[in-house]
$ cat model.cif   # mmCIF, C-alpha atoms and all ligand atoms
data_query
loop_
_atom_site.group_PDB
_atom_site.id
_atom_site.type_symbol
_atom_site.label_atom_id
_atom_site.label_comp_id
_atom_site.auth_asym_id
_atom_site.auth_seq_id
_atom_site.Cartn_x
_atom_site.Cartn_y
_atom_site.Cartn_z
ATOM 1 C CA MET A 9 -29.415 3.155 -8.529
ATOM 2 C CA PRO A 10 -25.711 3.007 -7.629
ATOM 3 C CA GLU A 11 -25.103 1.620 -4.135
ATOM 4 C CA LEU A 12 -21.872 1.495 -2.140
ATOM 5 C CA PRO A 13 -19.987 -0.997 -4.397
ATOM 6 C CA GLU A 14 -20.769 0.997 -7.550
ATOM 7 C CA VAL A 15 -19.749 4.311 -5.976
ATOM 8 C CA GLU A 16 -16.576 2.697 -4.611
ATOM 9 C CA THR A 17 -15.807 1.398 -8.124
ATOM 10 C CA VAL A 18 -16.257 4.869 -9.649
ATOM 11 C CA CYS A 19 -14.179 6.427 -6.853
ATOM 12 C CA LYS A 20 -11.287 4.020 -7.436
ATOM 13 C CA GLY A 21 -11.370 4.753 -11.174
ATOM 14 C CA LEU A 22 -11.480 8.512 -10.684
ATOM 15 C CA SER A 23 -8.715 8.315 -8.115
ATOM 16 C CA ALA A 24 -6.440 6.333 -10.443
ATOM 17 C CA TYR A 25 -6.864 8.753 -13.349
ATOM 18 C CA LEU A 26 -7.342 12.143 -11.659
ATOM 19 C CA THR A 27 -5.313 12.287 -8.443
ATOM 20 C CA GLY A 28 -2.311 14.615 -8.746
ATOM 21 C CA LYS A 29 -3.656 16.367 -11.845
ATOM 22 C CA ARG A 30 -4.827 19.981 -11.956
ATOM 23 C CA ILE A 31 -8.305 21.072 -13.087
ATOM 24 C CA VAL A 32 -7.735 23.658 -15.820
ATOM 25 C CA GLN A 33 -11.374 24.126 -16.798
ATOM 26 C CA LEU A 34 -14.760 23.034 -15.516
ATOM 27 C CA GLU A 35 -17.105 23.047 -18.494
ATOM 28 C CA LEU A 36 -20.775 23.297 -17.487
ATOM 29 C CA ASN A 37 -23.466 22.463 -20.039
ATOM 30 C CA ARG A 38 -26.263 23.361 -17.591
ATOM 31 C CA ASN A 39 -26.451 24.983 -14.171
ATOM 32 C CA ASP A 40 -28.256 22.347 -12.145
ATOM 33 C CA LEU A 41 -28.892 18.651 -11.598
ATOM 34 C CA ARG A 42 -31.160 17.672 -8.732
ATOM 35 C CA PHE A 43 -30.240 21.026 -7.127
ATOM 36 C CA PRO A 44 -28.781 24.202 -8.672
ATOM 37 C CA PHE A 45 -24.978 24.178 -8.831
ATOM 38 C CA PRO A 46 -23.327 26.530 -6.307
ATOM 39 C CA ASP A 47 -22.476 29.956 -7.788
ATOM 40 C CA ASP A 48 -18.771 29.389 -7.087
ATOM 41 C CA LEU A 49 -18.532 25.911 -8.641
ATOM 42 C CA LYS A 50 -15.943 27.149 -11.114
ATOM 43 C CA SER A 51 -13.613 27.955 -8.213
ATOM 44 C CA VAL A 52 -12.362 24.357 -8.607
ATOM 45 C CA GLU A 53 -10.448 25.616 -11.652
ATOM 46 C CA ASP A 54 -6.669 25.946 -11.319
ATOM 47 C CA ARG A 55 -6.557 23.646 -8.274
ATOM 48 C CA ALA A 56 -4.763 20.315 -8.007
ATOM 49 C CA ILE A 57 -6.700 17.161 -7.033
ATOM 50 C CA LEU A 58 -5.197 15.872 -3.778
ATOM 51 C CA ASP A 59 -7.293 12.748 -3.272
ATOM 52 C CA ILE A 60 -10.637 11.186 -4.071
ATOM 53 C CA HIS A 61 -12.536 9.121 -1.539
ATOM 54 C CA ARG A 62 -16.020 7.892 -0.759
ATOM 55 C CA ARG A 63 -18.298 8.660 2.206
ATOM 56 C CA ALA A 64 -21.580 6.696 2.044
ATOM 57 C CA LYS A 65 -22.667 7.151 -1.594
ATOM 58 C CA TYR A 66 -20.903 10.502 -1.997
ATOM 59 C CA ILE A 67 -17.715 10.949 -4.022
ATOM 60 C CA LEU A 68 -15.463 13.545 -2.388
ATOM 61 C CA ILE A 69 -12.829 15.110 -4.641
ATOM 62 C CA ARG A 70 -10.441 16.953 -2.340
ATOM 63 C CA LEU A 71 -8.691 19.915 -3.920
ATOM 64 C CA GLU A 72 -5.967 22.329 -2.869
ATOM 65 C CA ASP A 73 -6.739 25.017 -0.287
ATOM 66 C CA ASP A 74 -9.499 23.245 1.670
ATOM 67 C CA LEU A 75 -11.992 22.897 -1.136
ATOM 68 C CA THR A 76 -13.822 19.610 -1.806
ATOM 69 C CA MET A 77 -16.107 18.833 -4.709
ATOM 70 C CA LEU A 78 -18.984 16.576 -3.635
ATOM 71 C CA VAL A 79 -20.668 14.353 -6.232
ATOM 72 C CA HIS A 80 -23.648 12.019 -5.800
ATOM 73 C CA LEU A 81 -24.518 9.855 -8.817
ATOM 74 C CA GLY A 82 -28.261 9.891 -8.064
ATOM 75 C CA MET A 83 -30.164 7.317 -10.132
ATOM 76 C CA SER A 84 -28.203 7.311 -13.368
ATOM 77 C CA GLY A 85 -25.046 9.420 -12.993
ATOM 78 C CA ARG A 86 -21.752 8.125 -14.342
ATOM 79 C CA PHE A 87 -18.267 9.340 -15.126
ATOM 80 C CA ARG A 88 -16.161 8.410 -18.098
ATOM 81 C CA PHE A 89 -12.525 9.218 -18.654
ATOM 82 C CA HIS A 90 -10.823 10.069 -21.946
ATOM 83 C CA GLU A 91 -7.153 10.810 -22.608
ATOM 84 C CA HIS A 92 -8.266 13.580 -25.012
ATOM 85 C CA PRO A 93 -11.417 15.724 -25.312
ATOM 86 C CA VAL A 94 -14.210 13.972 -27.256
ATOM 87 C CA ALA A 95 -17.404 15.101 -28.956
ATOM 88 C CA HIS A 96 -20.212 15.755 -26.459
ATOM 89 C CA GLU A 97 -22.931 13.197 -26.057
ATOM 90 C CA LYS A 98 -26.468 13.919 -24.920
ATOM 91 C CA HIS A 99 -26.657 14.204 -21.106
ATOM 92 C CA ASP A 100 -22.960 15.126 -20.733
ATOM 93 C CA HIS A 101 -23.534 17.856 -18.152
ATOM 94 C CA VAL A 102 -20.132 18.565 -16.618
ATOM 95 C CA ILE A 103 -16.682 18.121 -18.152
ATOM 96 C CA ILE A 104 -13.560 18.314 -16.009
ATOM 97 C CA HIS A 105 -10.586 19.328 -18.180
ATOM 98 C CA LEU A 106 -7.238 18.325 -16.670
ATOM 99 C CA ASN A 107 -3.793 19.826 -17.171
ATOM 100 C CA ASP A 108 -2.515 16.875 -19.258
ATOM 101 C CA GLY A 109 -5.333 17.305 -21.809
ATOM 102 C CA SER A 110 -7.433 14.425 -20.438
ATOM 103 C CA VAL A 111 -11.097 14.830 -19.450
ATOM 104 C CA ALA A 112 -13.534 13.314 -16.956
ATOM 105 C CA ILE A 113 -17.130 13.635 -18.152
ATOM 106 C CA TYR A 114 -20.171 13.484 -15.871
ATOM 107 C CA THR A 115 -23.274 12.145 -17.663
ATOM 108 C CA ASP A 116 -26.681 11.798 -16.031
ATOM 109 C CA PRO A 117 -29.810 11.153 -18.158
ATOM 110 C CA ARG A 118 -32.254 11.379 -15.247
ATOM 111 C CA ARG A 119 -30.444 14.266 -13.506
ATOM 112 C CA PHE A 120 -31.023 13.082 -9.916
ATOM 113 C CA GLY A 121 -27.303 13.534 -9.237
ATOM 114 C CA VAL A 122 -25.801 16.228 -7.017
ATOM 115 C CA ILE A 123 -22.656 18.343 -7.458
ATOM 116 C CA ASP A 124 -21.742 20.766 -4.683
ATOM 117 C CA LEU A 125 -18.721 22.282 -2.930
ATOM 118 C CA ILE A 126 -17.545 21.778 0.646
ATOM 119 C CA HIS A 127 -15.440 24.611 2.019
ATOM 120 C CA GLU A 128 -14.446 22.847 5.233
ATOM 121 C CA GLU A 129 -13.549 19.154 5.145
ATOM 122 C CA ASP A 130 -16.530 16.871 5.832
ATOM 123 C CA ASN A 131 -18.754 19.706 6.996
ATOM 124 C CA HIS A 132 -21.732 19.561 4.646
ATOM 125 C CA LYS A 133 -25.454 19.262 5.302
ATOM 126 C CA LEU A 134 -25.663 16.068 3.245
ATOM 127 C CA LEU A 135 -22.844 14.411 5.241
ATOM 128 C CA ASN A 136 -23.667 15.491 8.783
ATOM 129 C CA HIS A 137 -26.357 12.939 9.620
ATOM 130 C CA LEU A 138 -24.911 9.824 8.024
ATOM 131 C CA GLY A 139 -24.562 6.581 9.979
ATOM 132 C CA PRO A 140 -21.463 4.361 10.156
ATOM 133 C CA GLU A 141 -19.597 2.977 7.149
ATOM 134 C CA PRO A 142 -20.430 -0.768 6.854
ATOM 135 C CA LEU A 143 -16.819 -1.704 6.078
ATOM 136 C CA SER A 144 -15.316 0.248 8.983
ATOM 137 C CA THR A 145 -14.379 -1.258 12.347
ATOM 138 C CA LEU A 146 -16.833 1.182 13.988
ATOM 139 C CA TRP A 147 -19.751 -0.932 12.776
ATOM 140 C CA ASN A 148 -20.548 -4.420 14.097
ATOM 141 C CA GLY A 149 -23.443 -6.574 15.304
ATOM 142 C CA ASP A 150 -23.689 -4.797 18.677
ATOM 143 C CA VAL A 151 -23.813 -1.345 17.076
ATOM 144 C CA LEU A 152 -26.418 -2.561 14.589
ATOM 145 C CA LEU A 153 -28.571 -4.131 17.318
ATOM 146 C CA LYS A 154 -28.528 -0.891 19.327
ATOM 147 C CA SER A 155 -29.558 1.178 16.300
ATOM 148 C CA LEU A 156 -32.539 -1.153 15.654
ATOM 149 C CA ARG A 157 -34.022 -0.719 19.141
ATOM 150 C CA GLY A 158 -37.642 0.412 19.121
ATOM 151 C CA ARG A 159 -37.837 0.463 15.318
ATOM 152 C CA LYS A 160 -41.059 -1.108 14.084
ATOM 153 C CA VAL A 161 -40.133 -0.983 10.387
ATOM 154 C CA SER A 162 -38.941 -4.136 8.595
ATOM 155 C CA ILE A 163 -35.275 -5.081 8.906
ATOM 156 C CA LYS A 164 -34.945 -4.520 5.163
ATOM 157 C CA SER A 165 -36.158 -0.900 5.465
ATOM 158 C CA ALA A 166 -33.870 -0.403 8.476
ATOM 159 C CA LEU A 167 -30.804 -1.668 6.556
ATOM 160 C CA MET A 168 -31.544 0.849 3.800
ATOM 161 C CA ASN A 169 -31.798 3.719 6.328
ATOM 162 C CA GLN A 170 -28.601 5.775 5.908
ATOM 163 C CA LYS A 171 -28.665 6.756 9.605
ATOM 164 C CA ILE A 172 -28.364 3.073 10.639
ATOM 165 C CA VAL A 173 -25.679 2.116 8.128
ATOM 166 C CA VAL A 174 -24.700 3.855 4.888
ATOM 167 C CA GLY A 175 -24.469 2.600 1.324
ATOM 168 C CA VAL A 176 -26.818 -0.411 1.414
ATOM 169 C CA GLY A 177 -29.702 0.024 -1.020
ATOM 170 C CA ASN A 178 -32.453 -2.155 -2.385
ATOM 171 C CA ILE A 179 -30.315 -4.703 -4.254
ATOM 172 C CA TYR A 180 -27.725 -5.425 -1.597
ATOM 173 C CA ALA A 181 -30.301 -5.448 1.254
ATOM 174 C CA SER A 182 -32.013 -8.467 -0.374
ATOM 175 C CA GLU A 183 -28.679 -10.235 -0.883
ATOM 176 C CA VAL A 184 -27.444 -9.503 2.653
ATOM 177 C CA LEU A 185 -30.623 -10.797 4.314
ATOM 178 C CA PHE A 186 -30.548 -14.013 2.272
ATOM 179 C CA LEU A 187 -26.948 -14.678 3.288
ATOM 180 C CA ALA A 188 -27.798 -13.831 6.917
ATOM 181 C CA LYS A 189 -30.870 -16.150 6.796
ATOM 182 C CA VAL A 190 -33.125 -13.354 8.110
ATOM 183 C CA SER A 191 -36.563 -12.612 6.624
ATOM 184 C CA PRO A 192 -36.745 -9.102 5.112
ATOM 185 C CA ASN A 193 -40.198 -8.764 6.696
ATOM 186 C CA ARG A 194 -39.012 -9.302 10.279
ATOM 187 C CA LYS A 195 -39.492 -6.193 12.408
ATOM 188 C CA ALA A 196 -36.181 -4.424 13.087
ATOM 189 C CA CYS A 197 -36.895 -4.251 16.836
ATOM 190 C CA ASN A 198 -37.293 -8.062 16.960
ATOM 191 C CA ILE A 199 -33.815 -8.833 15.587
ATOM 192 C CA SER A 200 -31.682 -10.893 18.029
ATOM 193 C CA LEU A 201 -27.965 -10.404 18.687
ATOM 194 C CA PRO A 202 -27.018 -13.578 16.723
ATOM 195 C CA GLN A 203 -29.125 -12.293 13.799
ATOM 196 C CA ALA A 204 -27.527 -8.829 14.036
ATOM 197 C CA ASN A 205 -24.093 -10.461 14.013
ATOM 198 C CA ARG A 206 -25.033 -12.516 10.939
ATOM 199 C CA ILE A 207 -26.389 -9.399 9.171
ATOM 200 C CA HIS A 208 -23.137 -7.550 9.915
ATOM 201 C CA THR A 209 -20.972 -10.406 8.622
ATOM 202 C CA ALA A 210 -23.163 -10.852 5.525
ATOM 203 C CA THR A 211 -23.124 -7.108 4.747
ATOM 204 C CA VAL A 212 -19.335 -6.979 4.842
ATOM 205 C CA GLN A 213 -19.016 -10.088 2.669
ATOM 206 C CA ILE A 214 -21.594 -9.046 0.063
ATOM 207 C CA LEU A 215 -20.203 -5.515 -0.259
ATOM 208 C CA GLN A 216 -16.591 -6.733 -0.517
ATOM 209 C CA ASP A 217 -17.521 -9.348 -3.135
ATOM 210 C CA ALA A 218 -19.512 -6.753 -5.093
ATOM 211 C CA ILE A 219 -16.616 -4.267 -5.021
ATOM 212 C CA ALA A 220 -14.277 -7.035 -6.234
ATOM 213 C CA ALA A 221 -16.704 -7.687 -9.140
ATOM 214 C CA GLY A 222 -16.766 -3.986 -10.086
ATOM 215 C CA GLY A 223 -20.299 -3.461 -8.764
ATOM 216 C CA SER A 224 -23.590 -4.387 -10.420
ATOM 217 C CA THR A 225 -24.757 -3.440 -13.894
ATOM 218 C CA LEU A 226 -28.470 -4.308 -14.063
ATOM 219 C CA ARG A 227 -30.483 -5.019 -17.188
ATOM 220 C CA ASP A 228 -31.000 -1.262 -17.686
ATOM 221 C CA GLY A 229 -27.254 -1.158 -18.429
ATOM 222 C CA GLN A 230 -26.904 2.227 -16.741
ATOM 223 C CA PHE A 231 -23.989 1.527 -14.441
ATOM 224 C CA THR A 232 -20.459 1.331 -15.833
ATOM 225 C CA ASP A 233 -17.114 2.177 -14.355
ATOM 226 C CA ILE A 234 -15.095 5.126 -15.637
ATOM 227 C CA GLU A 235 -13.592 3.051 -18.438
ATOM 228 C CA GLY A 236 -17.064 1.936 -19.575
ATOM 229 C CA GLU A 237 -16.748 -1.577 -18.103
ATOM 230 C CA LEU A 238 -19.834 -3.321 -16.711
ATOM 231 C CA GLY A 239 -20.080 -4.502 -13.093
ATOM 232 C CA TYR A 240 -20.258 -8.294 -12.893
ATOM 233 C CA PHE A 241 -21.763 -8.866 -9.450
ATOM 234 C CA PRO A 242 -25.277 -9.702 -10.838
ATOM 235 C CA HIS A 243 -23.826 -13.076 -11.922
ATOM 236 C CA GLN A 244 -23.479 -13.819 -8.200
ATOM 237 C CA PHE A 245 -26.963 -12.665 -7.106
ATOM 238 C CA ALA A 246 -28.535 -15.318 -4.861
ATOM 239 C CA VAL A 247 -32.053 -13.847 -4.767
ATOM 240 C CA TYR A 248 -32.187 -10.386 -6.391
ATOM 241 C CA ASP A 249 -34.011 -10.454 -9.747
ATOM 242 C CA ARG A 250 -34.419 -14.275 -9.442
ATOM 243 C CA GLU A 251 -38.188 -14.463 -8.854
ATOM 244 C CA GLY A 252 -39.553 -18.000 -9.422
ATOM 245 C CA LEU A 253 -36.098 -19.556 -9.757
ATOM 246 C CA GLU A 254 -34.891 -22.281 -7.414
ATOM 247 C CA CYS A 255 -33.214 -21.194 -4.180
ATOM 248 C CA VAL A 256 -29.413 -21.415 -4.479
ATOM 249 C CA ASN A 257 -29.186 -23.308 -1.172
ATOM 250 C CA PRO A 258 -28.646 -26.943 -2.327
ATOM 251 C CA ASN A 259 -30.676 -28.251 0.641
ATOM 252 C CA CYS A 260 -33.721 -26.127 -0.256
ATOM 253 C CA THR A 261 -36.433 -26.763 -2.861
ATOM 254 C CA GLU A 262 -38.277 -23.422 -2.494
ATOM 255 C CA LEU A 263 -38.520 -20.869 -5.293
ATOM 256 C CA VAL A 264 -37.343 -17.288 -4.777
ATOM 257 C CA LYS A 265 -40.272 -15.027 -3.904
ATOM 258 C CA LYS A 266 -40.678 -11.414 -4.981
ATOM 259 C CA SER A 267 -42.741 -8.899 -3.034
ATOM 260 C CA VAL A 268 -43.215 -5.195 -3.685
ATOM 261 C CA HIS A 269 -43.416 -2.660 -0.871
ATOM 262 C CA LEU A 270 -43.601 1.104 -1.531
ATOM 263 C CA GLY A 271 -42.561 0.493 -5.122
ATOM 264 C CA ARG A 272 -39.365 -1.372 -4.192
ATOM 265 C CA SER A 273 -38.936 -5.061 -5.027
ATOM 266 C CA THR A 274 -37.753 -7.473 -2.352
ATOM 267 C CA TYR A 275 -36.543 -10.987 -3.149
ATOM 268 C CA HIS A 276 -36.221 -13.734 -0.540
ATOM 269 C CA CYS A 277 -36.576 -17.440 0.202
ATOM 270 C CA THR A 278 -39.397 -18.133 2.678
ATOM 271 C CA ALA A 279 -37.759 -21.432 3.753
ATOM 272 C CA CYS A 280 -34.166 -20.239 4.329
ATOM 273 C CA GLN A 281 -34.949 -16.828 5.834
ATOM 274 C CA ARG A 282 -36.741 -16.519 9.184
HETATM 275 ZN ZN ZN B 301 -34.093 -21.488 0.306
#

$ encode --input "model.cif" --output "structure tokens" --more "lines below"
Ligand SMILES: [Zn+2]
Amino acid sequence: MPELPEVETVCKGLSAYLTGKRIVQLELNRNDLRFPFPDDLKSVEDRAILDIHRRAKYILIRLEDDLTMLVHLGMSGRFRFHEHPVAHEKHDHVIIHLNDGSVAIYTDPRRFGVIDLIHEEDNHKLLNHLGPEPLSTLWNGDVLLKSLRGRKVSIKSALMNQKIVVGVGNIYASEVLFLAKVSPNRKACNISLPQANRIHTATVQILQDAIAAGGSTLRDGQFTDIEGELGYFPHQFAVYDREGLECVNPNCTELVKKSVHLGRSTYHCTACQR
């Protein structure tokens, strides 16, 4: 499932190719994904694209006259860009035709994605209850510690809670907690300020490194950027998907342990993480 670095990668690609162009046609090959499309989705036609940015795991395509197209990639959504229209492939659900003849195609085999319209900037039910952006100056160890108060869930579950901090999913939560030397099983309410500070620093570092690597394409091969390139961050995974392999800490002889909770896999080193 795309997390913050993958969505950021797609956003940057879309922004580079689409900003400043005009949508001449929105071709719909179905009328829903996870939810039905809004009846007025085609009102994006004949509007210029002013900018494209990310909020949490949502792509926001801001158009002329206070209209924003919201896209969530769900489990398997992806965009690809072509200079000229191409033959449709299976699962190509939405095709954005631009005024210079180029196209951006939204493909989503599992159809957990979302496409909706926002009529007033940033006022949308999916955006209203989101927590802070991990890479913004509004988030730090103190803010994190406060948001963990009284929470009896594990720190790993808390990090994946979009009200506490947005964009961190299952993969990056394991990586962040390894770098921060905090056990994923520790209760959120028992995290100390030094641990919260380490988790903050580790989150920023892991997300920035992953963005620089173009995100993570896992063995399912589902994630690519808009030019079809893979994300290379998995080559840097310290614990994720490394069950039974030696811990990357040179002073440690433990093997990476995998545990499964509510269907999600967690990877950690029992010696390095407390
Ligand atoms: Zn270790």

$ closest_residue --input "model.cif" --among "A:Val94, A:Leu125, A:Val176, A:Ala220" --to "A:Ser110" --atoms "only C-alpha atoms"
A:Val94

$ resolve_selection --input "model.cif" --expression "the PyMOL selection byres (((not hetatm)) within 10 of (chain B and resi 301))" --output "list of chain:residue names"
A:Phe186, A:Lys189, A:Ala246, A:Val247, A:Glu254, A:Cys255, A:Val256, A:Asn257, A:Pro258, A:Asn259, A:Cys260, A:Thr261, A:Glu262, A:Leu263, A:Val264, A:Lys265, A:His276, A:Cys277, A:Thr278, A:Ala279, A:Cys280, A:Gln281

$ write_last_selection --input "model.cif" --atoms "C-alpha atoms" --output "tab-separated table (two decimals), in the coordinates of the input"
chain	number	residue	atom	x	y	z
A	186	PHE	CA	-30.55	-14.01	2.27
A	189	LYS	CA	-30.87	-16.15	6.80
A	246	ALA	CA	-28.54	-15.32	-4.86
A	247	VAL	CA	-32.05	-13.85	-4.77
A	254	GLU	CA	-34.89	-22.28	-7.41
A	255	CYS	CA	-33.21	-21.19	-4.18
A	256	VAL	CA	-29.41	-21.42	-4.48
A	257	ASN	CA	-29.19	-23.31	-1.17
A	258	PRO	CA	-28.65	-26.94	-2.33
A	259	ASN	CA	-30.68	-28.25	0.64
A	260	CYS	CA	-33.72	-26.13	-0.26
A	261	THR	CA	-36.43	-26.76	-2.86
A	262	GLU	CA	-38.28	-23.42	-2.49
A	263	LEU	CA	-38.52	-20.87	-5.29
A	264	VAL	CA	-37.34	-17.29	-4.78
A	265	LYS	CA	-40.27	-15.03	-3.90
A	276	HIS	CA	-36.22	-13.73	-0.54
A	277	CYS	CA	-36.58	-17.44	0.20
A	278	THR	CA	-39.40	-18.13	2.68
A	279	ALA	CA	-37.76	-21.43	3.75
A	280	CYS	CA	-34.17	-20.24	4.33
A	281	GLN	CA	-34.95	-16.83	5.83

$ resolve_selection --input "model.cif" --expression "the PyMOL selection byres (((chain A and resi 227) around 12) and not hetatm)" --output "short mmCIF file (atom, residue, chain, number, x, y, z; two decimals) with C-alpha atoms, in the frame of the given file"
data_model
loop_
_atom_site.label_atom_id
_atom_site.label_comp_id
_atom_site.auth_asym_id
_atom_site.auth_seq_id
_atom_site.Cartn_x
_atom_site.Cartn_y
_atom_site.Cartn_z
CA MET A 9 -29.42 3.16 -8.53
CA SER A 224 -23.59 -4.39 -10.42
CA THR A 225 -24.76 -3.44 -13.89
CA LEU A 226 -28.47 -4.31 -14.06
CA ASP A 228 -31.00 -1.26 -17.69
CA GLY A 229 -27.25 -1.16 -18.43
CA GLN A 230 -26.90 2.23 -16.74
CA PHE A 231 -23.99 1.53 -14.44
CA THR A 232 -20.46 1.33 -15.83
CA LEU A 238 -19.83 -3.32 -16.71
CA GLY A 239 -20.08 -4.50 -13.09
CA TYR A 240 -20.26 -8.29 -12.89
CA PRO A 242 -25.28 -9.70 -10.84
CA HIS A 243 -23.83 -13.08 -11.92
CA ASP A 249 -34.01 -10.45 -9.75
#

$ residues_around --input "model.cif" --residues "A:Gly121" --least-positions-apart "3" --cutoff "7 Å" --atoms "all atoms listed in the file" --output "MDAnalysis selection string"
chainID A and resid 41:42 80:83 85

$ atom_distance --input "model.cif" --atom1 "atom CA of A:Lys20" --atom2 "atom CA of A:Thr274"
29.3 Å

$ resolve_selection --input "model.cif" --expression "the PyMOL selection byres (((chain A and resi 24) around 12) and not hetatm)" --output "PyMOL selection string"
chain A and resi 17-23+25-29+57-61+89+112+234-235

$ write_last_selection --input "model.cif" --atoms "C-alpha atoms" --output "short mmCIF file (atom, residue, chain, number, x, y, z; two decimals), in the frame of the given file"
data_model
loop_
_atom_site.label_atom_id
_atom_site.label_comp_id
_atom_site.auth_asym_id
_atom_site.auth_seq_id
_atom_site.Cartn_x
_atom_site.Cartn_y
_atom_site.Cartn_z
CA THR A 17 -15.81 1.40 -8.12
CA VAL A 18 -16.26 4.87 -9.65
CA CYS A 19 -14.18 6.43 -6.85
CA LYS A 20 -11.29 4.02 -7.44
CA GLY A 21 -11.37 4.75 -11.17
CA LEU A 22 -11.48 8.51 -10.68
CA SER A 23 -8.72 8.32 -8.12
CA TYR A 25 -6.86 8.75 -13.35
CA LEU A 26 -7.34 12.14 -11.66
CA THR A 27 -5.31 12.29 -8.44
CA GLY A 28 -2.31 14.62 -8.75
CA LYS A 29 -3.66 16.37 -11.84
CA ILE A 57 -6.70 17.16 -7.03
CA LEU A 58 -5.20 15.87 -3.78
CA ASP A 59 -7.29 12.75 -3.27
CA ILE A 60 -10.64 11.19 -4.07
CA HIS A 61 -12.54 9.12 -1.54
CA PHE A 89 -12.52 9.22 -18.65
CA ALA A 112 -13.53 13.31 -16.96
CA ILE A 234 -15.10 5.13 -15.64
CA GLU A 235 -13.59 3.05 -18.44
#

$ atom_distance --input "model.cif" --atom1 "atom CA of A:Leu134" --atom2 "atom CA of A:Leu71"
18.8 Å

$ atom_distance --input "model.cif" --atom1 "atom CA of A:His137" --atom2 "atom CA of A:Met168"
14.4 Å

$ closest_residue --input "model.cif" --among "A:Pro93, A:Gly271, A:Pro117, A:Gly252" --to "A:Gln33" --atoms "only C-alpha atoms"
A:Pro93

$ closest_atom_pairs --input "model.cif" --of "stretch 188-274 of chain A" --to "stretch 160-164 of chain A" --cutoff "6 Å" --atoms "only C-alpha atoms" --output "CSV"
residue,atom,partner,partner_atom,distance
A:Pro192,CA,A:Lys164,CA,4.9
A:Asn193,CA,A:Ser162,CA,5.2
A:Arg194,CA,A:Ser162,CA,5.4
A:Lys195,CA,A:Ser162,CA,4.4
A:Ala196,CA,A:Ile163,CA,4.3
A:Cys197,CA,A:Lys160,CA,5.9

$ residues_around --input "model.cif" --residues "A:Phe45" --least-positions-apart "2" --cutoff "10 Å" --atoms "all atoms listed in the file" --output "list in words"
Leu36, Arg38, Asn39, Asp40, Leu41, Arg42, Phe43, Asp47, Asp48, Leu49, Lys50, Val122, Ile123, Asp124 and Leu125 of chain A

$ closest_atom_pairs --input "model.cif" --of "stretch 109-155 of chain A" --to "stretch 203-211 of chain A" --cutoff "9 Å" --atoms "only C-alpha atoms" --output "Markdown table"
| residue | atom | partner | partner_atom | distance |
| --- | --- | --- | --- | --- |
| A:Pro142 | CA | A:Thr211 | CA | 7.2 |
| A:Leu143 | CA | A:Thr211 | CA | 8.4 |
| A:Trp147 | CA | A:His208 | CA | 8.0 |
| A:Asn148 | CA | A:His208 | CA | 5.8 |
| A:Gly149 | CA | A:Asn205 | CA | 4.1 |
| A:Asp150 | CA | A:Ala204 | CA | 7.2 |
| A:Val151 | CA | A:Ala204 | CA | 8.9 |
| A:Leu152 | CA | A:Ala204 | CA | 6.4 |
| A:Leu153 | CA | A:Ala204 | CA | 5.8 |

$ closest_residue --input "model.cif" --among "A:Glu237, A:Asp108, A:Asp116, A:Asp217" --to "A:Arg30" --atoms "all atoms listed in the file"
A:Asp108

$ closest_residue --input "model.cif" --among "A:Ile179, A:Ala64, A:Gly158, A:Val52" --to "A:Asn198" --atoms "all atoms listed in the file"
A:Gly158

$ closest_residue --input "model.cif" --among "A:Asp100, A:Glu183, A:Glu16, A:Asp74" --to "A:Glu128" --atoms "only C-alpha atoms"
A:Asp74

$ residues_near_point --input "model.cif" --point "(-20.8, 4.3, 2.6)" --cutoff "9 Å" --atoms "only C-alpha atoms" --output "list of chain:residue names"
A:Glu11, A:Leu12, A:Pro13, A:Val15, A:Glu16, A:Arg62, A:Arg63, A:Ala64, A:Lys65, A:Tyr66, A:Leu138, A:Gly139, A:Pro140, A:Glu141, A:Pro142, A:Leu143, A:Gln170, A:Val173, A:Val174, A:Gly175, A:Val176

$ axis_aligned_box --input "model.cif" --around "stretch 75-94 of chain A" --padding-each-side "6 Å" --output "JSON"
{"center_x": -18.7, "center_y": 15.1, "center_z": -14.2, "size_x": 35.0, "size_y": 27.6, "size_z": 38.1}
